[in-house]
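Student: Sharing a structure below in structure tokens format, with a few things to ask.
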Amino acid sequence: MDIQRIVRHLFAPYWRLGRTFPRETLLAIEEAIRASESMHAGEIRFVVEGTLDSTSLLKGQTASERAIDVFSLLRIWDTENNNGLLIYVLLADRAVEIVADRGIHAKVGAQVWEKICREMEDAFRAANYADGVVNGVRAVTQQLSKHFPMQDPRRNELPNKPVLM
């Protein structure tokens with residue numbers, strides 16, 4: 001049990017989420033996702049969660065495990081072509097996880113997603129959240145454009161609006 005992590009989560013103020021990701025930043029992220037999805041057949045969701053609840057903390061749930069839960073909770077897996085992708089940020093841990101549906105995961109390996117996540121985390125350590133996420137979306141776009149080129153007609157199956165939890 002990581003006591004420092006538990007304290008960090010339990011005492012993180014909720015308002016920090018809104019200060020770190022203000023409306024302008026969320027709009028920039030939404031626009032980056034919209035622009036990204038115009039270049040490939042993938043579906044991207046961005047979720048930032050301030051902290052984990054006490055039960056999850058006591059169980060030792062990792063950011064990776066929580067990202068999988070959120071992927072399921074938001075039904076990102078429920079796309080027609082198995083082409084959903086989640087960029088998940090756990091703010092209290094400054095952790096970024098990418099969870100890709102099986103259609104994407106089969107073509108883009110975990111190492112590529114790990115590299116993108118670490119680059120985003122580096123930007124977060126410098127308190128550069130907006131650029132960190134937008135650049136992360138661009139890096140995801142490069143992969144999806146290469147492996148899942150645009151198909152006509154395209155229908156937007158998942159909302160582009162970022163989710164704050």
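Numbering starts fresh at 1 for the residues of each chain in the structure tokens, the chains themselves are lettered A, B, ... in the order given, and ligands are numbered from 1 as they appear.
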Give me the residues within 9 Å of Thr51 in chain A as a list in words, counting only C-alpha atoms and dropping any in the same chain fewer than 5 places off.

Tutor: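 Those residues are Arg8, His9, Leu10, Ala12, Tyr14, Leu90, Leu91, Ala92, Asp93 and Met165 of chain A.
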
Student: Tell me which protein, DNA and RNA residues are within 8 Å of Tyr88 in chain A, counting only C-alpha atoms, leaving out same-chain ones fewer than 4 positions away, and put them as a ChimeraX atom specification.

Tutor: /A:46-49,67,96-99

Student: From the list A:Ala110, A:Val163, A:Ala127, A:Ile104, which residue is nearest Arg19 in chain A when using only C-alpha atoms?

Tutor: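 Comparing A:Ala110, A:Val163, A:Ala127, A:Ile104 against Arg19 in chain A, the winner is A:Ala127.
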
Student: Extract the full set of strand (DSSP E) residues from chain A according to DSSP on the backbone, and format it as a ChimeraX atom specification.

Tutor: /A:43-49,84-90,95-100,163-164

Student: Just list the residues in chain A DSSP gives alpha helix (DSSP H) on the backbone, as a count of residues only.

Tutor: 85

Student: Can you tell me, as a PyMOL selection string, what residues are no more than 9 Å from Phe71 in chain A when counting only C-alpha atoms, ignoring any on the same chain fewer than 6 positions away?

Tutor: chain A and resi 45+77+84-86+88+99-101

Student: Do a neighbour search on Ser145 in chain A at 10 Å with only C-alpha atoms, toss out local chain neighbours closer than 3 positions, and write the hits as a ChimeraX atom specification.

Tutor: /A:36-42,140-142,148-150

Student: Pick out the closest residue to Glu157 in chain A from this set: A:Lys107, A:Arg34, A:Leu27, A:Arg102. Count only C-alpha atoms.

Tutor: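 Looking at the shortest contact to Glu157 in chain A, the residue is A:Arg34.
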
Student: Quick one: pull the distance between CA of Gly109 in chain A and CA of Ile44 in chain A, Å, one decimal.

Tutor: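 Between these atoms lies a distance of 16.8 Å.
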
Student: Quick one, how far is CA of Val134 in chain A from CA of Phe11 in chain A?

Tutor: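 These two atoms are separated by 28.2 Å.
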
Student: Considering only C-alpha atoms, can you say which of A:Val7, A:Leu164, A:Cys117, A:Val112 comes closest to Leu58 in chain A?

Tutor: A:Val7

Student: Nearest to Ala126 in chain A: which of A:Arg94, A:Arg16, A:Arg75, A:Arg66 is it, counting only C-alpha atoms?

Tutor: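 The answer is A:Arg94, which sits nearest to Ala126 in chain A.
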